[in-house]
>>> print(open('upload-v1.cif').read())   # mmCIF, C-alpha atoms
data_input
loop_
_atom_site.label_atom_id
_atom_site.label_comp_id
_atom_site.auth_asym_id
_atom_site.auth_seq_id
_atom_site.Cartn_x
_atom_site.Cartn_y
_atom_site.Cartn_z
CA MET A 296 0.00 0.00 0.00
CA GLY A 297 3.01 2.21 0.44
CA ASN A 298 3.43 2.30 -3.33
CA TRP A 299 -0.09 3.67 -3.99
CA ASP A 300 -0.38 7.18 -5.32
CA TRP A 301 -3.03 8.49 -2.98
CA SER A 302 -3.03 11.84 -4.67
CA ALA A 303 -3.98 10.22 -7.99
CA ILE A 304 -6.64 8.09 -6.28
CA PHE A 305 -8.24 11.09 -4.62
CA THR A 306 -8.08 12.99 -7.89
CA GLY A 307 -9.70 10.08 -9.72
CA CYS A 308 -12.46 9.84 -7.12
CA ALA A 309 -13.07 13.55 -7.35
CA VAL A 310 -13.32 13.31 -11.15
CA ALA A 311 -15.73 10.36 -10.86
CA VAL A 312 -17.90 12.23 -8.38
CA SER A 313 -17.87 15.28 -10.64
CA LEU A 314 -18.86 13.16 -13.65
CA ILE A 315 -21.69 11.55 -11.71
CA ALA A 316 -22.84 14.94 -10.46
CA LEU A 317 -22.64 16.33 -14.00
CA TRP A 318 -24.66 13.37 -15.32
CA LEU A 319 -27.27 13.80 -12.63
CA GLN A 320 -27.38 17.53 -13.31
CA ARG A 321 -27.83 16.96 -17.04
CA ARG A 322 -30.53 14.39 -16.36
CA ASP A 323 -32.34 16.83 -14.11
CA LEU A 324 -31.95 19.59 -16.70
CA LYS A 325 -33.36 17.36 -19.44
CA LYS A 326 -36.21 16.36 -17.15
CA GLN A 327 -36.85 19.99 -16.25
CA ALA A 328 -36.69 21.03 -19.91
CA LYS A 329 -39.18 18.28 -20.85
CA TYR A 330 -41.47 19.34 -18.03
CA GLN A 331 -41.30 22.97 -19.10
CA ARG A 332 -41.95 22.02 -22.72
CA ASP A 333 -44.85 19.74 -21.81
CA THR A 334 -46.22 22.32 -19.40
CA PHE A 335 -46.05 25.01 -22.07
CA GLU A 336 -47.91 22.79 -24.54
CA LEU A 337 -50.46 21.78 -21.93
CA GLN A 338 -50.94 25.40 -20.87
CA ASN A 339 -51.72 26.24 -24.50
CA ILE A 340 -54.32 23.48 -24.49
CA ILE A 341 -55.80 24.83 -21.24
CA ASN A 342 -55.92 28.34 -22.73
CA GLU A 343 -57.65 26.98 -25.83
CA ASN A 344 -60.11 25.10 -23.61
CA ASN A 345 -60.84 28.30 -21.71
CA ILE A 346 -61.60 30.04 -25.01
CA LEU A 347 -63.88 27.15 -25.96
CA ILE A 348 -65.62 27.27 -22.59
CA ASP A 349 -66.29 30.99 -23.02
CA LEU A 350 -67.70 30.34 -26.50
CA ALA A 351 -69.77 27.43 -25.19
CA ALA A 352 -71.22 29.63 -22.44
CA GLU A 353 -72.25 32.19 -25.06
CA VAL A 354 -73.82 29.47 -27.20
CA ILE A 355 -75.75 28.11 -24.21
CA GLY A 356 -77.04 31.59 -23.36
CA ASN A 357 -78.01 32.15 -26.98
CA ILE A 358 -79.96 28.88 -27.19
CA GLN A 359 -81.76 29.59 -23.94
CA ASN A 360 -82.74 32.99 -25.31
CA GLN A 361 -83.93 31.51 -28.60
CA VAL A 362 -86.11 28.90 -26.90
CA GLN A 363 -87.58 31.57 -24.64
CA VAL A 364 -88.24 33.90 -27.59
CA LEU A 365 -89.93 31.10 -29.56
CA GLU A 366 -92.09 30.21 -26.58
CA THR A 367 -93.13 33.87 -26.29
CA LEU A 368 -93.71 34.01 -30.06
CA TYR A 369 -96.00 30.97 -29.80
CA GLN A 370 -98.00 32.79 -27.13
CA GLU A 371 -98.20 36.06 -29.08
CA GLU A 372 -99.27 34.30 -32.28
CA ASN A 373 -102.03 32.64 -30.27
CA PHE A 374 -103.07 36.01 -28.81
CA LYS A 375 -103.16 37.51 -32.31
CA ARG A 376 -105.38 34.70 -33.63
CA SER A 377 -107.67 35.11 -30.65
CA SER A 378 -108.06 38.84 -31.36
CA GLU A 379 -108.66 38.24 -35.06
CA ASN A 380 -111.29 35.59 -34.32
CA ASN A 381 -112.98 37.92 -31.82
CA ILE A 382 -113.11 40.67 -34.46
CA LEU A 383 -114.73 38.25 -36.92
CA GLU A 384 -117.22 37.11 -34.31
CA LEU A 385 -118.18 40.69 -33.45
CA GLY A 386 -118.66 41.36 -37.16
CA ARG A 387 -121.04 38.40 -37.46
CA LEU A 388 -123.03 39.56 -34.46
CA ARG A 389 -123.37 43.19 -35.52
CA PRO A 390 -126.21 42.74 -38.06
CA GLN A 391 -128.44 41.16 -35.45
CA TYR A 392 -127.21 42.66 -32.19
CA GLU A 393 -125.99 45.99 -30.97
CA VAL A 394 -122.21 45.75 -30.63
CA ASP A 395 -120.25 48.26 -28.60
CA PRO A 396 -117.68 49.98 -30.89
CA ASN A 397 -115.27 49.92 -27.97
CA ASP A 398 -115.24 46.12 -28.20
CA PHE A 399 -114.06 46.36 -31.78
CA LYS A 400 -111.43 48.91 -30.81
CA GLU A 401 -110.16 46.78 -27.94
CA GLN A 402 -109.73 43.71 -30.14
CA ARG A 403 -108.07 45.71 -32.92
CA ASP A 404 -105.69 47.25 -30.39
CA ASN A 405 -104.90 43.80 -29.01
CA LYS A 406 -104.20 42.51 -32.50
CA GLN A 407 -101.91 45.46 -33.28
CA LYS A 408 -99.97 45.00 -30.05
CA ALA A 409 -99.51 41.31 -30.81
CA GLU A 410 -98.32 42.07 -34.35
CA GLU A 411 -95.80 44.61 -33.08
CA LYS A 412 -94.54 42.16 -30.48
CA ILE A 413 -94.29 39.39 -33.08
CA GLU A 414 -92.26 41.63 -35.38
CA GLU A 415 -89.96 42.56 -32.52
CA LEU A 416 -89.47 38.90 -31.57
CA ASN A 417 -88.76 37.88 -35.16
CA ASP A 418 -86.14 40.61 -35.50
CA PHE A 419 -84.54 39.44 -32.26
CA MET A 420 -84.54 35.85 -33.54
CA LYS A 421 -82.68 36.92 -36.68
CA ASP A 422 -79.92 38.44 -34.55
CA LEU A 423 -79.78 35.40 -32.27
CA THR A 424 -79.69 33.01 -35.21
CA LYS A 425 -76.76 34.84 -36.80
CA GLU A 426 -74.92 34.93 -33.48
CA LEU A 427 -75.48 31.21 -32.91
CA THR A 428 -74.21 30.40 -36.40
CA ASP A 429 -71.06 32.47 -35.84
CA LYS A 430 -70.35 31.06 -32.37
CA GLY A 431 -71.17 27.50 -33.40
CA ASN A 432 -68.84 27.69 -36.38
CA ALA A 433 -66.09 29.17 -34.18
CA ILE A 434 -66.39 26.31 -31.69
CA GLN A 435 -66.34 23.63 -34.38
CA LEU A 436 -63.37 25.27 -36.09
CA GLN A 437 -61.50 25.49 -32.78
CA MET A 438 -62.22 21.83 -32.05
CA SER A 439 -61.43 20.53 -35.53
CA GLY A 440 -59.39 17.34 -35.23
CA SER A 441 -60.13 16.78 -31.53
CA GLU A 442 -61.69 13.57 -30.23
CA THR A 443 -64.85 15.40 -29.16
CA TYR A 444 -65.39 17.24 -32.45
CA ASP A 445 -68.07 14.81 -33.68
CA ASP A 446 -69.88 15.01 -30.33
CA VAL A 447 -70.10 18.78 -30.52
CA ARG A 448 -71.11 18.75 -34.18
CA ASN A 449 -73.93 16.27 -33.47
CA ILE A 450 -75.14 18.29 -30.49
CA MET A 451 -75.20 21.44 -32.62
CA LYS A 452 -77.37 19.54 -35.11
CA GLU A 453 -79.74 18.57 -32.31
CA ILE A 454 -79.96 22.21 -31.28
CA GLN A 455 -80.78 23.32 -34.83
CA GLU A 456 -83.44 20.61 -35.12
CA LEU A 457 -85.02 21.67 -31.83
CA LEU A 458 -85.25 25.31 -32.89
CA SER A 459 -86.51 24.37 -36.35
CA ASP A 460 -89.21 22.13 -34.86
CA MET A 461 -90.40 24.96 -32.62
CA ARG A 462 -90.52 27.41 -35.52
CA LEU A 463 -92.36 24.92 -37.72
CA GLU A 464 -95.01 24.27 -35.08
CA ILE A 465 -95.56 28.00 -34.60
CA GLU A 466 -96.04 28.54 -38.34
CA SER A 467 -98.27 25.50 -38.91
CA VAL A 468 -101.07 26.32 -36.45
CA ASP A 469 -104.42 26.87 -38.20
CA GLN A 470 -105.85 30.37 -38.09
CA ASP A 471 -109.01 29.36 -36.24
CA VAL A 472 -107.15 27.47 -33.50
CA VAL A 473 -106.79 29.26 -30.19
CA PHE A 474 -105.03 27.45 -27.37
CA LYS A 475 -105.79 27.68 -23.69
CA LYS A 476 -103.10 28.92 -21.32
CA VAL A 477 -102.39 25.44 -19.96
CA GLU A 478 -101.90 24.13 -23.50
CA ILE A 479 -99.37 26.88 -24.22
CA LEU A 480 -97.52 26.10 -20.99
CA ASN A 481 -97.43 22.38 -21.80
CA TRP A 482 -96.14 23.10 -25.31
CA ALA A 483 -93.39 25.32 -23.90
CA LYS A 484 -92.45 22.79 -21.21
CA GLN A 485 -91.83 19.95 -23.66
CA TYR A 486 -89.32 22.07 -25.55
CA THR A 487 -87.74 23.47 -22.41
CA ASP A 488 -87.16 19.89 -21.21
CA LYS A 489 -85.54 18.98 -24.54
CA GLU A 490 -83.42 22.13 -24.41
CA ILE A 491 -82.15 21.29 -20.91
CA ALA A 492 -81.23 17.73 -21.93
CA ILE A 493 -79.32 18.88 -25.01
CA LEU A 494 -77.50 21.68 -23.22
CA ASP A 495 -76.49 19.35 -20.39
CA LYS A 496 -74.72 17.13 -22.95
CA PHE A 497 -73.14 20.16 -24.58
CA ARG A 498 -71.92 21.54 -21.25
CA ASP A 499 -70.50 18.17 -20.15
CA VAL A 500 -68.21 18.00 -23.20
CA PHE A 501 -66.38 21.16 -22.15
CA ILE A 502 -66.38 20.39 -18.44
CA ASP A 503 -64.76 17.04 -19.26
CA LYS A 504 -62.13 18.67 -21.51
CA LYS A 505 -61.20 21.18 -18.82
CA GLY A 506 -61.07 18.48 -16.14
CA LYS A 507 -58.75 16.26 -18.17
CA SER A 508 -56.34 19.13 -18.89
CA SER A 509 -56.24 20.23 -15.25
CA LYS A 510 -55.67 16.64 -14.07
CA LYS A 511 -52.83 16.17 -16.56
CA LEU A 512 -51.15 19.37 -15.39
CA GLU A 513 -51.29 18.24 -11.75
CA GLU A 514 -49.82 14.83 -12.70
CA MET A 515 -46.94 16.53 -14.51
CA LYS A 516 -46.18 18.66 -11.47
CA LEU A 517 -45.95 15.56 -9.30
CA GLU A 518 -43.51 13.92 -11.74
CA VAL A 519 -40.93 16.69 -11.31
#
>>> encode(input="upload-v1.cif", output="structure tokens")
Amino acid sequence: MGNWDWSAIFTGCAVAVSLIALWLQRRDLKKQAKYQRDTFELQNIINENNILIDLAAEVIGNIQNQVQVLETLYQEENFKRSSENNILELGRLRPQYEVDPNDFKEQRDNKQKAEEKIEELNDFMKDLTKELTDKGNAIQLQMSGSETYDDVRNIMKEIQELLSDMRLEIESVDQDVVFKKVEILNWAKQYTDKEIAILDKFRDVFIDKKGKSSKKLEEMKLEV
């Protein structure tokens, strides 16, 4: 042992330790760089999801407004038909009975108010329809290529069908048909129920996307 060069041995050990430390440092740097790169990419996904969630919230609000407007339109169209039928009935009675002119005036005023309200609602629907088309296209474009794209596209089709069905029913009611209040409420409820079911599916898609991204980010933090 007296012939050993302890200085060389210590130097060699020091070099080995330095090499190991350097390797560990490089490994940690690579791991940190990968984490930062993955985190950056994931953060971009989270930001995109937040944009989608904001768009989805606007779409949901738009659809709720459209359903409400169509339900009100159904009621106003019914009120207009009722006034028109009352005017016709008063006209039939007038040759045989004395009819108060104020009754005619009241029904004509009611009809005019309903017509003005209907025009206002139809104008509002045009704006809402354009907005829904723009927002819906933006969401589908943003989600193009994602695994949930088809789900969203199919839900948007369901929404369009729901609104089209409501509009068709409003336009197809015969002129002489006047519904009772309970019938109007029941008609509105069936579509409100459908709206809620569709929007729940729509909302769940984006809640799930946000949840998966947030979970992935937390897992990446634990890996560091």
>>> resolve_selection(input="upload-v1.cif", expression="the PyMOL selection byres ((chain A and resi 449-460) around 9)", output="PyMOL selection string")
chain A and resi 358+361-362+365+431+444-448+461-465+486+489-490+493-494+496-497
>>> write_last_selection(input="upload-v1.cif", atoms="C-alpha atoms", output="PDB file, in the coordinates of the input")
ATOM      1  CA  ILE A 358     -79.960  28.880 -27.190  1.00  0.00           C
ATOM      2  CA  GLN A 361     -83.930  31.510 -28.600  1.00  0.00           C
ATOM      3  CA  VAL A 362     -86.110  28.900 -26.900  1.00  0.00           C
ATOM      4  CA  LEU A 365     -89.930  31.100 -29.560  1.00  0.00           C
ATOM      5  CA  GLY A 431     -71.170  27.500 -33.400  1.00  0.00           C
ATOM      6  CA  TYR A 444     -65.390  17.240 -32.450  1.00  0.00           C
ATOM      7  CA  ASP A 445     -68.070  14.810 -33.680  1.00  0.00           C
ATOM      8  CA  ASP A 446     -69.880  15.010 -30.330  1.00  0.00           C
ATOM      9  CA  VAL A 447     -70.100  18.780 -30.520  1.00  0.00           C
ATOM     10  CA  ARG A 448     -71.110  18.750 -34.180  1.00  0.00           C
ATOM     11  CA  MET A 461     -90.400  24.960 -32.620  1.00  0.00           C
ATOM     12  CA  ARG A 462     -90.520  27.410 -35.520  1.00  0.00           C
ATOM     13  CA  LEU A 463     -92.360  24.920 -37.720  1.00  0.00           C
ATOM     14  CA  GLU A 464     -95.010  24.270 -35.080  1.00  0.00           C
ATOM     15  CA  ILE A 465     -95.560  28.000 -34.600  1.00  0.00           C
ATOM     16  CA  TYR A 486     -89.320  22.070 -25.550  1.00  0.00           C
ATOM     17  CA  LYS A 489     -85.540  18.980 -24.540  1.00  0.00           C
ATOM     18  CA  GLU A 490     -83.420  22.130 -24.410  1.00  0.00           C
ATOM     19  CA  ILE A 493     -79.320  18.880 -25.010  1.00  0.00           C
ATOM     20  CA  LEU A 494     -77.500  21.680 -23.220  1.00  0.00           C
ATOM     21  CA  LYS A 496     -74.720  17.130 -22.950  1.00  0.00           C
ATOM     22  CA  PHE A 497     -73.140  20.160 -24.580  1.00  0.00           C
TER      23      PHE A 497
END
>>> atom_distance(input="upload-v1.cif", atom1="CA of Ile382 (chain A)", atom2="CA of Val394 (chain A)")
11.1 Å
>>> closest_residue(input="upload-v1.cif", among="A:Phe419, A:Tyr392, A:Phe335, A:Phe399", to="Asn357 (chain A)", atoms="all atoms listed in the file")
A:Phe419
>>> closest_residue(input="upload-v1.cif", among="A:Asn345, A:Gln470, A:Glu336, A:Gln485", to="Leu383 (chain A)", atoms="only C-alpha atoms")
A:Gln470
>>> resolve_selection(input="upload-v1.cif", expression="the PyMOL selection byres ((chain A and resi 411-417) around 12)", output="ChimeraX atom specification")
/A:360-375,404-410,418-424,462,465
>>> resolve_selection(input="upload-v1.cif", expression="the PyMOL selection byres ((chain A and resi 437) around 12)", output="PDB file with C-alpha atoms, in the frame of the given file")
ATOM      1  CA  ILE A 340     -54.320  23.480 -24.490  1.00  0.00           C
ATOM      2  CA  ASN A 342     -55.920  28.340 -22.730  1.00  0.00           C
ATOM      3  CA  GLU A 343     -57.650  26.980 -25.830  1.00  0.00           C
ATOM      4  CA  ASN A 344     -60.110  25.100 -23.610  1.00  0.00           C
ATOM      5  CA  ASN A 345     -60.840  28.300 -21.710  1.00  0.00           C
ATOM      6  CA  ILE A 346     -61.600  30.040 -25.010  1.00  0.00           C
ATOM      7  CA  LEU A 347     -63.880  27.150 -25.960  1.00  0.00           C
ATOM      8  CA  ILE A 348     -65.620  27.270 -22.590  1.00  0.00           C
ATOM      9  CA  LEU A 350     -67.700  30.340 -26.500  1.00  0.00           C
ATOM     10  CA  ALA A 351     -69.770  27.430 -25.190  1.00  0.00           C
ATOM     11  CA  LYS A 430     -70.350  31.060 -32.370  1.00  0.00           C
ATOM     12  CA  GLY A 431     -71.170  27.500 -33.400  1.00  0.00           C
ATOM     13  CA  ASN A 432     -68.840  27.690 -36.380  1.00  0.00           C
ATOM     14  CA  ALA A 433     -66.090  29.170 -34.180  1.00  0.00           C
ATOM     15  CA  ILE A 434     -66.390  26.310 -31.690  1.00  0.00           C
ATOM     16  CA  GLN A 435     -66.340  23.630 -34.380  1.00  0.00           C
ATOM     17  CA  LEU A 436     -63.370  25.270 -36.090  1.00  0.00           C
ATOM     18  CA  MET A 438     -62.220  21.830 -32.050  1.00  0.00           C
ATOM     19  CA  SER A 439     -61.430  20.530 -35.530  1.00  0.00           C
ATOM     20  CA  GLY A 440     -59.390  17.340 -35.230  1.00  0.00           C
ATOM     21  CA  SER A 441     -60.130  16.780 -31.530  1.00  0.00           C
ATOM     22  CA  THR A 443     -64.850  15.400 -29.160  1.00  0.00           C
ATOM     23  CA  TYR A 444     -65.390  17.240 -32.450  1.00  0.00           C
ATOM     24  CA  VAL A 447     -70.100  18.780 -30.520  1.00  0.00           C
ATOM     25  CA  ARG A 448     -71.110  18.750 -34.180  1.00  0.00           C
TER      26      ARG A 448
END
>>> atom_distance(input="upload-v1.cif", atom1="CA of Gly386 (chain A)", atom2="CA of Val477 (chain A)")
28.5 Å
>>> atom_distance(input="upload-v1.cif", atom1="CA of Asp495 (chain A)", atom2="CA of Ile355 (chain A)")
9.6 Å
>>> closest_residue(input="upload-v1.cif", among="A:Pro390, A:Ser467, A:Arg403, A:Ala352", to="Asp499 (chain A)", atoms="only C-alpha atoms")
A:Ala352
>>> closest_residue(input="upload-v1.cif", among="A:Thr428, A:Asn381, A:Gln338, A:Gln402", to="Glu513 (chain A)", atoms="all atoms listed in the file")
A:Gln338
>>> closest_residue(input="upload-v1.cif", among="A:Leu337, A:Val473, A:Val468, A:Ile479", to="Lys510 (chain A)", atoms="all atoms listed in the file")
A:Leu337
>>> closest_residue(input="upload-v1.cif", among="A:Ile341, A:Val354, A:Val472, A:Ala492", to="Ser508 (chain A)", atoms="all atoms listed in the file")
A:Ile341
>>> build_atoms(input="upload-v1.cif", residues="region 490-503 of chain A", atoms="N, CA, C and O atoms", output="PDB file, in the coordinates of the input")
ATOM      1  N   GLU A 490     -84.528  21.173 -24.426  1.00  0.00           N
ATOM      2  CA  GLU A 490     -83.420  22.130 -24.410  1.00  0.00           C
ATOM      3  C   GLU A 490     -82.450  21.821 -23.271  1.00  0.00           C
ATOM      4  O   GLU A 490     -81.223  21.783 -23.464  1.00  0.00           O
ATOM      5  N   ILE A 491     -82.984  21.576 -22.088  1.00  0.00           N
ATOM      6  CA  ILE A 491     -82.150  21.290 -20.910  1.00  0.00           C
ATOM      7  C   ILE A 491     -81.314  20.034 -21.137  1.00  0.00           C
ATOM      8  O   ILE A 491     -80.110  19.997 -20.838  1.00  0.00           O
ATOM      9  N   ALA A 492     -81.944  18.987 -21.689  1.00  0.00           N
ATOM     10  CA  ALA A 492     -81.230  17.730 -21.930  1.00  0.00           C
ATOM     11  C   ALA A 492     -80.087  17.912 -22.922  1.00  0.00           C
ATOM     12  O   ALA A 492     -78.977  17.397 -22.725  1.00  0.00           O
ATOM     13  N   ILE A 493     -80.345  18.655 -23.996  1.00  0.00           N
ATOM     14  CA  ILE A 493     -79.320  18.880 -25.010  1.00  0.00           C
ATOM     15  C   ILE A 493     -78.174  19.724 -24.457  1.00  0.00           C
ATOM     16  O   ILE A 493     -76.995  19.427 -24.659  1.00  0.00           O
ATOM     17  N   LEU A 494     -78.527  20.787 -23.749  1.00  0.00           N
ATOM     18  CA  LEU A 494     -77.500  21.680 -23.220  1.00  0.00           C
ATOM     19  C   LEU A 494     -76.663  21.017 -22.128  1.00  0.00           C
ATOM     20  O   LEU A 494     -75.483  21.345 -21.966  1.00  0.00           O
ATOM     21  N   ASP A 495     -77.259  20.100 -21.394  1.00  0.00           N
ATOM     22  CA  ASP A 495     -76.490  19.350 -20.390  1.00  0.00           C
ATOM     23  C   ASP A 495     -75.391  18.530 -21.077  1.00  0.00           C
ATOM     24  O   ASP A 495     -74.246  18.480 -20.600  1.00  0.00           O
ATOM     25  N   LYS A 496     -75.725  17.892 -22.191  1.00  0.00           N
ATOM     26  CA  LYS A 496     -74.720  17.130 -22.950  1.00  0.00           C
ATOM     27  C   LYS A 496     -73.638  18.058 -23.493  1.00  0.00           C
ATOM     28  O   LYS A 496     -72.445  17.743 -23.448  1.00  0.00           O
ATOM     29  N   PHE A 497     -74.073  19.182 -24.011  1.00  0.00           N
ATOM     30  CA  PHE A 497     -73.140  20.160 -24.580  1.00  0.00           C
ATOM     31  C   PHE A 497     -72.188  20.681 -23.513  1.00  0.00           C
ATOM     32  O   PHE A 497     -70.968  20.740 -23.720  1.00  0.00           O
ATOM     33  N   ARG A 498     -72.722  21.005 -22.357  1.00  0.00           N
ATOM     34  CA  ARG A 498     -71.920  21.540 -21.250  1.00  0.00           C
ATOM     35  C   ARG A 498     -70.926  20.490 -20.746  1.00  0.00           C
ATOM     36  O   ARG A 498     -69.780  20.812 -20.442  1.00  0.00           O
ATOM     37  N   ASP A 499     -71.362  19.247 -20.676  1.00  0.00           N
ATOM     38  CA  ASP A 499     -70.500  18.170 -20.150  1.00  0.00           C
ATOM     39  C   ASP A 499     -69.257  17.967 -20.998  1.00  0.00           C
ATOM     40  O   ASP A 499     -68.198  17.604 -20.471  1.00  0.00           O
ATOM     41  N   VAL A 500     -69.367  18.168 -22.313  1.00  0.00           N
ATOM     42  CA  VAL A 500     -68.210  18.000 -23.200  1.00  0.00           C
ATOM     43  C   VAL A 500     -67.076  18.923 -22.768  1.00  0.00           C
ATOM     44  O   VAL A 500     -65.918  18.511 -22.669  1.00  0.00           O
ATOM     45  N   PHE A 501     -67.410  20.167 -22.467  1.00  0.00           N
ATOM     46  CA  PHE A 501     -66.380  21.160 -22.150  1.00  0.00           C
ATOM     47  C   PHE A 501     -65.900  21.044 -20.707  1.00  0.00           C
ATOM     48  O   PHE A 501     -64.734  21.310 -20.414  1.00  0.00           O
ATOM     49  N   ILE A 502     -66.789  20.643 -19.823  1.00  0.00           N
ATOM     50  CA  ILE A 502     -66.380  20.390 -18.440  1.00  0.00           C
ATOM     51  C   ILE A 502     -65.377  19.232 -18.407  1.00  0.00           C
ATOM     52  O   ILE A 502     -64.365  19.272 -17.699  1.00  0.00           O
ATOM     53  N   ASP A 503     -65.644  18.194 -19.201  1.00  0.00           N
ATOM     54  CA  ASP A 503     -64.760  17.040 -19.260  1.00  0.00           C
ATOM     55  C   ASP A 503     -63.398  17.420 -19.842  1.00  0.00           C
ATOM     56  O   ASP A 503     -62.350  16.989 -19.335  1.00  0.00           O
TER      57      ASP A 503
END
